[in-house]
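Below: one structure, written as C-alpha cells.
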Amino acid sequence: MKKPIYLTVIALLITSMVIAQSPNVIYETIYLTPKTESLKDLGEKMKAHNQQYHATPPYNASVWRVTTGERSGDMLWIMGPFTFADLDSRPSDGGHDEDWSGNVLPLIHGMHDGYYWKLRPDHMYAPSEGYQGKIMRVRTFDIKPGKDDEFTDMISLINKVYTEKKIGHSRAVFNNVVKDQNRDVAVVFQYENYAYLDESQNIGKLFEEVHGDNSWNKFMEAMRDIVESTSDELLEVIPEMSVR
C-alpha cells in the first residue's frame with residue numbers, strides 16, 4: 001500500500017509461512033482505528049481494495065483484528081513478504097492511491113504505529129509447510145543496549161526446542177528495521193484456533209528436556225539481564241478482508 005512511508009509498527013507478522021528465500025524478507029504492518037459506525041462499509045471497501053491491488057505476491061495483504069491489549073478494537077494491516085526493492089514498484093498507479101484515500105481512509109479515525117519488519121530466517125519454525133494460523137500472538141521486545149548478540153543466542157536456544165519437540169504452532173522472529181524506543185524485536189506465534197491456547201504448553205519443561213536440568217531457570221535469568229521490557233497482544237485474522 002503506497003502510503004507516505006509510515007514506518008509501520010508491528011506486530012509483524014506472518015501472513016504466510018511460505019517465505020521466499022531471500023536475504024531480505026520484509027513485512028509492512030500498520031494499525032488502523034476503525035470508525036465503529038462504519039465497520040460494515042469498511043469491511044466491504046477494504047476487501048475490494050485488497051482484492052484489487054494486493055491479491056498477489058509480493059504485495060498480498062491480510063487484515064487482523066486486535067483482541068487484547070491497549071490496541072483492542074484496532075485492525076492490523078499487513079503486506080508481504082517482499083524485499084525492499086519491491087517497494088519501488090508497489091501498487092500506486094491505476095487508481096490504488098485514489099481508492100485508498102477516497103474509500104478506505106474516510107472510514108477510519110487514522111493510521112498509527114507502523115513499521116517494516118525483517119525476518120530472521122534462522123529463527124523461524126512451522127509445524128508443516130505452508131502453515132497458516134487463524135490466531136496470532138505478537139510479543140515485542142525492548143532489548144537493552146549492547147545486548148543484541150546475547151538475545152540472538154537466547155532465541156536460538158528456543159528455536160532448537162521448537163524443532164526437536166515438533167511444537168504444533170508456528171514461531172518467527174523479526175527485527176524492527178527502523179529502531180524504536182520500545183520495539184526492537186517481534187516474536188510472532190500463529191495458532192490454528194483459540195482452543196489451542198487451552199492446551200498445556202510447558203515450554204520450561206520442554207526446554208530442560210533439550211538443554212538439561214535447571215537450564216530454563218538460567219535462561220530466564222539471562223533474559224532478565226538482556227531484555228528491558230516486553231509487550232504482548234492477540235489478534236485474529238479477518239478472512240473476508242485478507243489475501244493470504
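Convention: chains lettered A, B, ... in C-alpha cells order; per-chain residue numbering from 1; ligands numbered from 1 as shown.
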
List every residue of stretch 122-143 of chain A that has an atom at most 8 Å from any atom of stretch 188-209 of chain A, giving for each one its closest atom pair and the distance in Å to one decimal, counting only C-alpha atoms, sorted by chain and then by ascending residue number, as JSON lines.
```
{"residue": "A:Gln132", "atom": "CA", "partner": "A:Gln190", "partner_atom": "CA", "distance": 7.1}
{"residue": "A:Gly133", "atom": "CA", "partner": "A:Glu192", "partner_atom": "CA", "distance": 4.6}
{"residue": "A:Lys134", "atom": "CA", "partner": "A:Glu192", "partner_atom": "CA", "distance": 5.4}
{"residue": "A:Ile135", "atom": "CA", "partner": "A:Tyr191", "partner_atom": "CA", "distance": 5.1}
{"residue": "A:Met136", "atom": "CA", "partner": "A:Gln190", "partner_atom": "CA", "distance": 4.5}
{"residue": "A:Arg137", "atom": "CA", "partner": "A:Phe189", "partner_atom": "CA", "distance": 5.1}
{"residue": "A:Val138", "atom": "CA", "partner": "A:Val188", "partner_atom": "CA", "distance": 4.7}
{"residue": "A:Arg139", "atom": "CA", "partner": "A:Val188", "partner_atom": "CA", "distance": 6.5}
```

Checklist entry - What lies within 9 Å of A:Tyr125 using only C-alpha atoms, ignoring chain neighbours under 4 positions off, as a list of chain:residue names? => result A:Met17, A:Asn159, A:Tyr162, A:Thr163, A:Ile167, A:His169, A:Ser170, A:Arg171, A:Ala172

Written file, previous selection with N, CA and C atoms, as a PDB file, in the first residue's frame:
```pdb
ATOM      1  N   MET A  17       3.666 -18.688   6.152  1.00  0.00           N
ATOM      2  CA  MET A  17       4.952 -19.252   6.498  1.00  0.00           C
ATOM      3  C   MET A  17       5.682 -19.767   5.264  1.00  0.00           C
ATOM      4  N   ASN A 159      14.576 -21.851  19.583  1.00  0.00           N
ATOM      5  CA  ASN A 159      14.307 -22.423  18.260  1.00  0.00           C
ATOM      6  C   ASN A 159      14.648 -23.920  18.228  1.00  0.00           C
ATOM      7  N   TYR A 162      11.744 -25.868  19.693  1.00  0.00           N
ATOM      8  CA  TYR A 162      10.636 -25.994  18.748  1.00  0.00           C
ATOM      9  C   TYR A 162      10.926 -27.070  17.710  1.00  0.00           C
ATOM     10  N   THR A 163      12.144 -27.079  17.204  1.00  0.00           N
ATOM     11  CA  THR A 163      12.496 -28.022  16.150  1.00  0.00           C
ATOM     12  C   THR A 163      12.539 -29.460  16.668  1.00  0.00           C
ATOM     13  N   ILE A 167       6.849 -28.667  18.001  1.00  0.00           N
ATOM     14  CA  ILE A 167       5.741 -27.899  18.574  1.00  0.00           C
ATOM     15  C   ILE A 167       4.660 -27.700  17.506  1.00  0.00           C
ATOM     16  N   HIS A 169       2.564 -25.221  16.803  1.00  0.00           N
ATOM     17  CA  HIS A 169       2.236 -23.909  16.242  1.00  0.00           C
ATOM     18  C   HIS A 169       3.502 -23.278  15.665  1.00  0.00           C
ATOM     19  N   SER A 170       3.325 -22.243  14.883  1.00  0.00           N
ATOM     20  CA  SER A 170       4.475 -21.608  14.232  1.00  0.00           C
ATOM     21  C   SER A 170       5.067 -20.498  15.099  1.00  0.00           C
ATOM     22  N   ARG A 171       6.311 -20.174  14.785  1.00  0.00           N
ATOM     23  CA  ARG A 171       7.035 -19.126  15.505  1.00  0.00           C
ATOM     24  C   ARG A 171       8.020 -18.483  14.542  1.00  0.00           C
ATOM     25  N   ALA A 172       8.074 -17.166  14.526  1.00  0.00           N
ATOM     26  CA  ALA A 172       9.037 -16.456  13.678  1.00  0.00           C
ATOM     27  C   ALA A 172       9.519 -15.219  14.415  1.00  0.00           C
TER      28      ALA A 172
END
```

Item to check | Who sits within 7 Å of stretch 230-242 of chain A, only C-alpha atoms, same chain under 5 positions skipped, as a list in words | outcome: Gly43, Met46, Lys47, Asn50, Ala61, Ser62, Val63, Trp64, Arg65, Val66, Thr67, Thr68, Gly69, Lys134, Ile135, Met136, Arg137, Val138, Arg139, Thr140, Phe141 and Asp142 of chain A

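Secondary structure from DSSP on the backbone puts strand (DSSP E) at the following positions of stretch 38-90 of chain A: A:Ala61, A:Ser62, A:Val63, A:Trp64, A:Arg65, A:Val66, A:Met75, A:Leu76, A:Trp77, A:Ile78, A:Met79, A:Gly80, A:Pro81, A:Phe82.
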
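Among the candidate residues A:Asn60, A:Asp99, A:Val173, A:Ser156, the one lying nearest to A:Met124 is A:Val173, with distances computed using only C-alpha atoms.
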
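Residue nearest A:Tyr115, chosen from A:Ala85, A:Ile226, A:Val185, A:Ile155 and counting only C-alpha atoms: A:Val185.
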
Checklist entry - as a PyMOL selection string, which residues of stretch 16-229 of chain A does DSSP assign to helix (DSSP H, G or I)? => result chain A and resi 36-53+84-87+96-107+121-123+148-165+194-198+203-211+215-226

Checklist entry - Excluding same-chain residues fewer than 6 positions from A:Lys166, what lies within 10 Å of it counting only C-alpha atoms, as a list in words? => result Tyr125, Ala126, Pro127, Ser128 and Lys160 of chain A

Item to check | Spatial neighbours of A:Thr36, max dist 12 Å, only C-alpha atoms, sep filter under 2 positions, as a ChimeraX atom specification | outcome: /A:32-34,38-43,73-75,107-109

For the selection just defined, write its residues with C-alpha atoms to a file, as a JSON list (two decimals), in the first residue's frame.
```json
[["chain", "number", "residue", "atom", "x", "y", "z"],
["A", 32, "LEU", "CA", -5.95, 1.20, 11.67],
["A", 33, "THR", "CA", -8.54, 2.55, 14.10],
["A", 34, "PRO", "CA", -11.95, 1.97, 12.50],
["A", 38, "SER", "CA", -18.72, 2.36, 9.59],
["A", 39, "LEU", "CA", -17.46, -1.18, 10.28],
["A", 40, "LYS", "CA", -19.64, -2.88, 7.66],
["A", 41, "ASP", "CA", -18.75, -0.36, 4.98],
["A", 42, "LEU", "CA", -15.05, -0.53, 5.93],
["A", 43, "GLY", "CA", -15.08, -4.30, 5.61],
["A", 73, "GLY", "CA", -10.62, -2.95, 18.56],
["A", 74, "ASP", "CA", -7.99, -1.77, 16.08],
["A", 75, "MET", "CA", -7.17, -3.60, 12.88],
["A", 107, "LEU", "CA", -13.94, 5.06, 7.32],
["A", 108, "ILE", "CA", -11.12, 5.08, 9.89],
["A", 109, "HIS", "CA", -10.04, 7.54, 12.56]]
```
